[in-house]
Amino acid sequence: MSASATETPVGLIGRRRESAALERVLADARAGTSAVLVLRGEAGIGRTALLDHIAAHAAGFAVAAVAGVESEMELPYASLQQLFASMLDRLPQLPAPQREALSVAFGAQSGPPPDRFTVGLAALSLLGALDEPLLCLVDDAQWIDHASLQALAFVARRLQAEPVALIFAVREPAEPPVLPGLAEMTVSGISDTDARALLASVLRVPLDPQVRDRLVAEAHGNPLALLQVPRSLAPAEPAGGFWHPEGRSATSRLESAYLQQVQSLPQDTRQLLLIAATDPTGDAGLLWRAAEAQDIAAAAAAPAEAAGLIEIGARVRFRQQIVRTAVYRGATMAQRRAAHLALAEATDPELDPDRRAWHRARAATQPDERIAADLEHSAVRAHRRGGAAATATFLRWATDLTPDPARRVPRALAAAEAAFEVGAVDHTHNLLAVAEAGPMDDLLRARLERLRARLVCTQVRGGDAPRLLLDAAARMAPLDAALARDTLLEAVGAAILAGRLGPGELEVARAVRAGPPASEPPRTVDVLLDSVTGRIVDGYGGEVGGLQDAVRTLCREQESEATATVGWLWLACPVTPEPLAPEVWDDDAWHELTTSGADIARKAGTLSVLPLALSYQANYCLHTGDFDTASALIDESIAISEAVGSMPLTYGSLLLSAWRAQQPQALDLIEAGIRQASAQGEGRALALAEYAAALLHNGLGRYEAAQAAAAQACAHEDLGFFGWALVELIEAATRNDDRGTAEAALDRLVPSTRASATAWARGMEARSRGLLADGPAAETHYREAVEQLERCRITVHLARAHLVYGEWLRRQNRRQDSRMQLRAAHDVFTRAGADGFAERARRELTATGETVRKRNVSPLGELTGQEAQIARLARDGHTNPEIAAQLFISPRTVEWHLGNVFTKLGVSSRRYLHAAMPVAEPSEPA
């Protein structure tokens, strides 16, 4: 924040709209409803004055504030630590993973690098634990260190029912955009009337009307420009009407005006101001030590303080951030280097080695191995604290300052890899060019090629990505077999994702077999790689056992909570539990993997993995008929993805809409999914959208459309749901009397169901055979389908077996028998919310002469996805803190949602939730 000024804050002139909006933010926070607002505007427009105003009027609030500094380094979590300094006494109250993550991030303890979103969650929990309302002010957020800004953005998107007002001020234009998607208000210029009044209040001489109008027009309503630019003029200029304003922006004129003011000060004062502008900490002791190193006396501060430019007390504060900017930008490069060098010499190398290394780097005039080595050590420390962006920045500077080409290459490559991990694509390409220009051994060359391939894979799923990854693995094989096999797994994953739009999984899988063998004992990566490539190359002939072993290995890994390995595997393209368990029709393993995977991600707080894990668990719940839980998991996955700023996974929503037969929403989602998959080169996602279309149309009895969509989905053997698509094709084709297509699809289905030999596989095969059979053979197959599917968890497919069996019985004029099957199907579909299939069953029941009651609308349908999930957890005995930790919200937010739940369900407390929300029968095998 700027120092308090004796004059009226100019930024508040004509700010009735903005002041009212800020007061509403405070009112919402007082009422216990969190409020977030981003103020955007150019320099001098009044953003800081508005923050100072709201801080002064926040009666009853604790106030925490931090301001970004343009010259600030990427020291991870520096700004977050400053903002939360007064709250750290509550750190012991946090759940252990959050407490440890924040302690490591702030350097209070050592440990593995914390997940950046767990740090954000810990910050959210701290805010939720406060006893009084809190006003958090973040000025010049565009200059906050990257890790802190990510954490604060996460907090802003997850605040719901805490008495917290979080207000950011962002100088525009900002590139890249800062804090997109949050509630915002643009602080625009003041009116011409207010501008003329303000101008008249600061000029001590008569003002020529033409000059006045020109000043007002050129200022574009910027109050600080109106105040500062006239102060830089000689008295005769405005009075005589001879002044001609420069054609520059208000911001540049402001900086020039302040710079003129600074240049009129004594030399020692200017040097002191530059040192203060160069130090982002505001540490007065550090300033005086650095000043002493440059033989600057304490008296040098007086002229700057008298001019109102700076205030030096316990902390160093500039009157406006633009003053700091003007001082730093107005200095020559040599003067800046001298200031950085003085600060480096004044910084304790034991207590603050990273900031010292940064200042030394900025002071360097030529490559220096000692500075480069210090920066490399700083990168290691930044990585340990979870500052991925800081790691990349330190390594990039270390590369620039490395004199020896042989050392520069590995540093450049490490910097490129770090830049890739934080999505800095331009820096990655530039650093790869630096690495490639120097001497490189074979392993470095292989790492470089791997990174190039991964860059391609992030942009286009198909294309050259699998081939480039294969080439990199081939280079790496004789040098680092383990890393080569990791790269091969990525190549197979890229080929599977690309599907029909890629170079071909078979070619890639054969190339993998020519690579290095698995280590002894084999790692999980090795087991997965060999089993998946075996499935692709050999089909189901003898490799399904290997694939089943891989699935069980994953189960064991997750039972032991090997979070590092499992977390990586869940993100390793599609070679994950999601396709593997359904590929071998193993519903038990699917249940274990999706349930424990989500639990592990929750406990560890790995929010980068959790949305994926929740999406997989939702897909499993769809097949068990628990659509409400699936919907809640999908909502949570999307909410977390949005909170952490990643692209939400939409395929769960697509499948849920297809099962529920929600029109036209389902068709819109399917069309959007097809467009997105085609644009991104994801053939597997394209097939999933086509499968969803076939499912939707079969449920609605639109068999021609179902057959067309299923045929497209079956055009490529996509791992995980190819068998599902064949089942849809068989049903649609038989309803269309296209026996040839149905029989061909059955021939393609049988190898997987026979090789897997699970109850799920046998039941799906028997149901499909029943559709193609006549007479007693059909009934035998239908009975077997029901018997087998009753032994597994896949409830909706058991209901579909009852449905087709009941339809067949009715056509045989066995009405009484058909009613039993159709009633069983209708009950499951109605309970789940599979409205298309429920309507199919209702029509069949009506045709048998049975009256079907209209489905009762449950009050549960009025709950949002998050409310439903909180209600279920509360019903099952979880406390508010336990629910908060599981759902990544605060206990206050849980309490607030429960109040809404009680109102909607018509109950007074959680003890009545069991009656209002009966526990569904578990989908366990018979």
# chains A, B, ... in the order shown; residues from 1 in each chain; ligands from 1

call {"tool": "select_by_dssp", "arguments": {"residues": "stretch 273-332 of chain A", "states": "alpha helix (DSSP H)", "output": "PDB file with C-alpha atoms, in the first residue's frame"}}
result
ATOM      1  CA  LEU A 273      15.797   6.113  -3.904  1.00  0.00           C
ATOM      2  CA  LEU A 274      17.178   3.754  -6.539  1.00  0.00           C
ATOM      3  CA  ILE A 275      18.358   1.261  -3.912  1.00  0.00           C
ATOM      4  CA  ALA A 276      14.909   1.418  -2.270  1.00  0.00           C
ATOM      5  CA  ALA A 277      13.205   0.912  -5.658  1.00  0.00           C
ATOM      6  CA  THR A 278      15.472  -2.047  -6.412  1.00  0.00           C
ATOM      7  CA  ALA A 284      14.681  -0.562   6.120  1.00  0.00           C
ATOM      8  CA  GLY A 285      17.696  -2.255   7.736  1.00  0.00           C
ATOM      9  CA  LEU A 286      18.722  -3.732   4.399  1.00  0.00           C
ATOM     10  CA  LEU A 287      18.335  -0.314   2.742  1.00  0.00           C
ATOM     11  CA  TRP A 288      20.626   1.398   5.244  1.00  0.00           C
ATOM     12  CA  ARG A 289      23.266  -1.355   5.020  1.00  0.00           C
ATOM     13  CA  ALA A 290      23.271  -1.062   1.231  1.00  0.00           C
ATOM     14  CA  ALA A 291      23.388   2.743   1.465  1.00  0.00           C
ATOM     15  CA  GLU A 292      26.348   2.526   3.805  1.00  0.00           C
ATOM     16  CA  ALA A 293      28.143   0.329   1.259  1.00  0.00           C
ATOM     17  CA  ALA A 301      16.523  10.477   2.817  1.00  0.00           C
ATOM     18  CA  ALA A 302      15.225  13.843   4.012  1.00  0.00           C
ATOM     19  CA  PRO A 303      14.739  15.576   0.611  1.00  0.00           C
ATOM     20  CA  ALA A 304      12.824  12.575  -0.792  1.00  0.00           C
ATOM     21  CA  GLU A 305      10.602  12.360   2.285  1.00  0.00           C
ATOM     22  CA  ALA A 306       9.985  16.104   2.203  1.00  0.00           C
ATOM     23  CA  GLN A 321       4.085   2.293  -6.999  1.00  0.00           C
ATOM     24  CA  ILE A 322       4.556   4.374 -10.109  1.00  0.00           C
ATOM     25  CA  VAL A 323       7.193   6.405  -8.209  1.00  0.00           C
ATOM     26  CA  ARG A 324       9.167   3.213  -7.644  1.00  0.00           C
ATOM     27  CA  THR A 325       8.733   2.308 -11.318  1.00  0.00           C
ATOM     28  CA  ALA A 326       9.829   5.766 -12.476  1.00  0.00           C
ATOM     29  CA  VAL A 327      12.945   5.673 -10.280  1.00  0.00           C
ATOM     30  CA  TYR A 328      14.005   2.223 -11.453  1.00  0.00           C
ATOM     31  CA  ARG A 329      13.219   2.714 -15.126  1.00  0.00           C
ATOM     32  CA  GLY A 330      14.779   6.164 -15.166  1.00  0.00           C
TER      33      GLY A 330
END

call {"tool": "residues_around", "arguments": {"residues": "A:Asp140", "least_positions_apart": "4", "cutoff": "9 Å", "atoms": "only C-alpha atoms", "output": "count of residues only"}}
result
13

call {"tool": "closest_atom_pairs", "arguments": {"of": "stretch 776-835 of chain A", "to": "stretch 621-628 of chain A", "cutoff": "10 Å", "atoms": "only C-alpha atoms", "output": "JSON lines"}}
result
{"residue": "A:Cys792", "atom": "CA", "partner": "A:Thr624", "partner_atom": "CA", "distance": 9.3}
{"residue": "A:Arg793", "atom": "CA", "partner": "A:Thr624", "partner_atom": "CA", "distance": 5.8}
{"residue": "A:Ile794", "atom": "CA", "partner": "A:Thr624", "partner_atom": "CA", "distance": 4.7}
{"residue": "A:Thr795", "atom": "CA", "partner": "A:Thr624", "partner_atom": "CA", "distance": 4.7}
{"residue": "A:Val796", "atom": "CA", "partner": "A:Gly625", "partner_atom": "CA", "distance": 5.4}
{"residue": "A:His797", "atom": "CA", "partner": "A:His623", "partner_atom": "CA", "distance": 7.3}
{"residue": "A:Leu798", "atom": "CA", "partner": "A:Thr624", "partner_atom": "CA", "distance": 9.4}
{"residue": "A:Ala799", "atom": "CA", "partner": "A:Gly625", "partner_atom": "CA", "distance": 9.3}
{"residue": "A:Val828", "atom": "CA", "partner": "A:Gly625", "partner_atom": "CA", "distance": 7.5}
{"residue": "A:Phe829", "atom": "CA", "partner": "A:Gly625", "partner_atom": "CA", "distance": 7.8}
{"residue": "A:Thr830", "atom": "CA", "partner": "A:Gly625", "partner_atom": "CA", "distance": 10.0}
{"residue": "A:Arg831", "atom": "CA", "partner": "A:Gly625", "partner_atom": "CA", "distance": 8.2}
{"residue": "A:Ala832", "atom": "CA", "partner": "A:Gly625", "partner_atom": "CA", "distance": 5.3}
{"residue": "A:Gly833", "atom": "CA", "partner": "A:Phe627", "partner_atom": "CA", "distance": 6.8}
{"residue": "A:Ala834", "atom": "CA", "partner": "A:Phe627", "partner_atom": "CA", "distance": 8.3}

call {"tool": "select_by_dssp", "arguments": {"residues": "stretch 21-236 of chain A", "states": "strand (DSSP E or B)", "output": "ChimeraX atom specification"}}
result
/A:35-41,62-67,134-139,164-171,184-186

call {"tool": "atom_distance", "arguments": {"atom1": "atom CA of A:Pro223", "atom2": "atom CA of A:Ala331"}}
result
25.5 Å
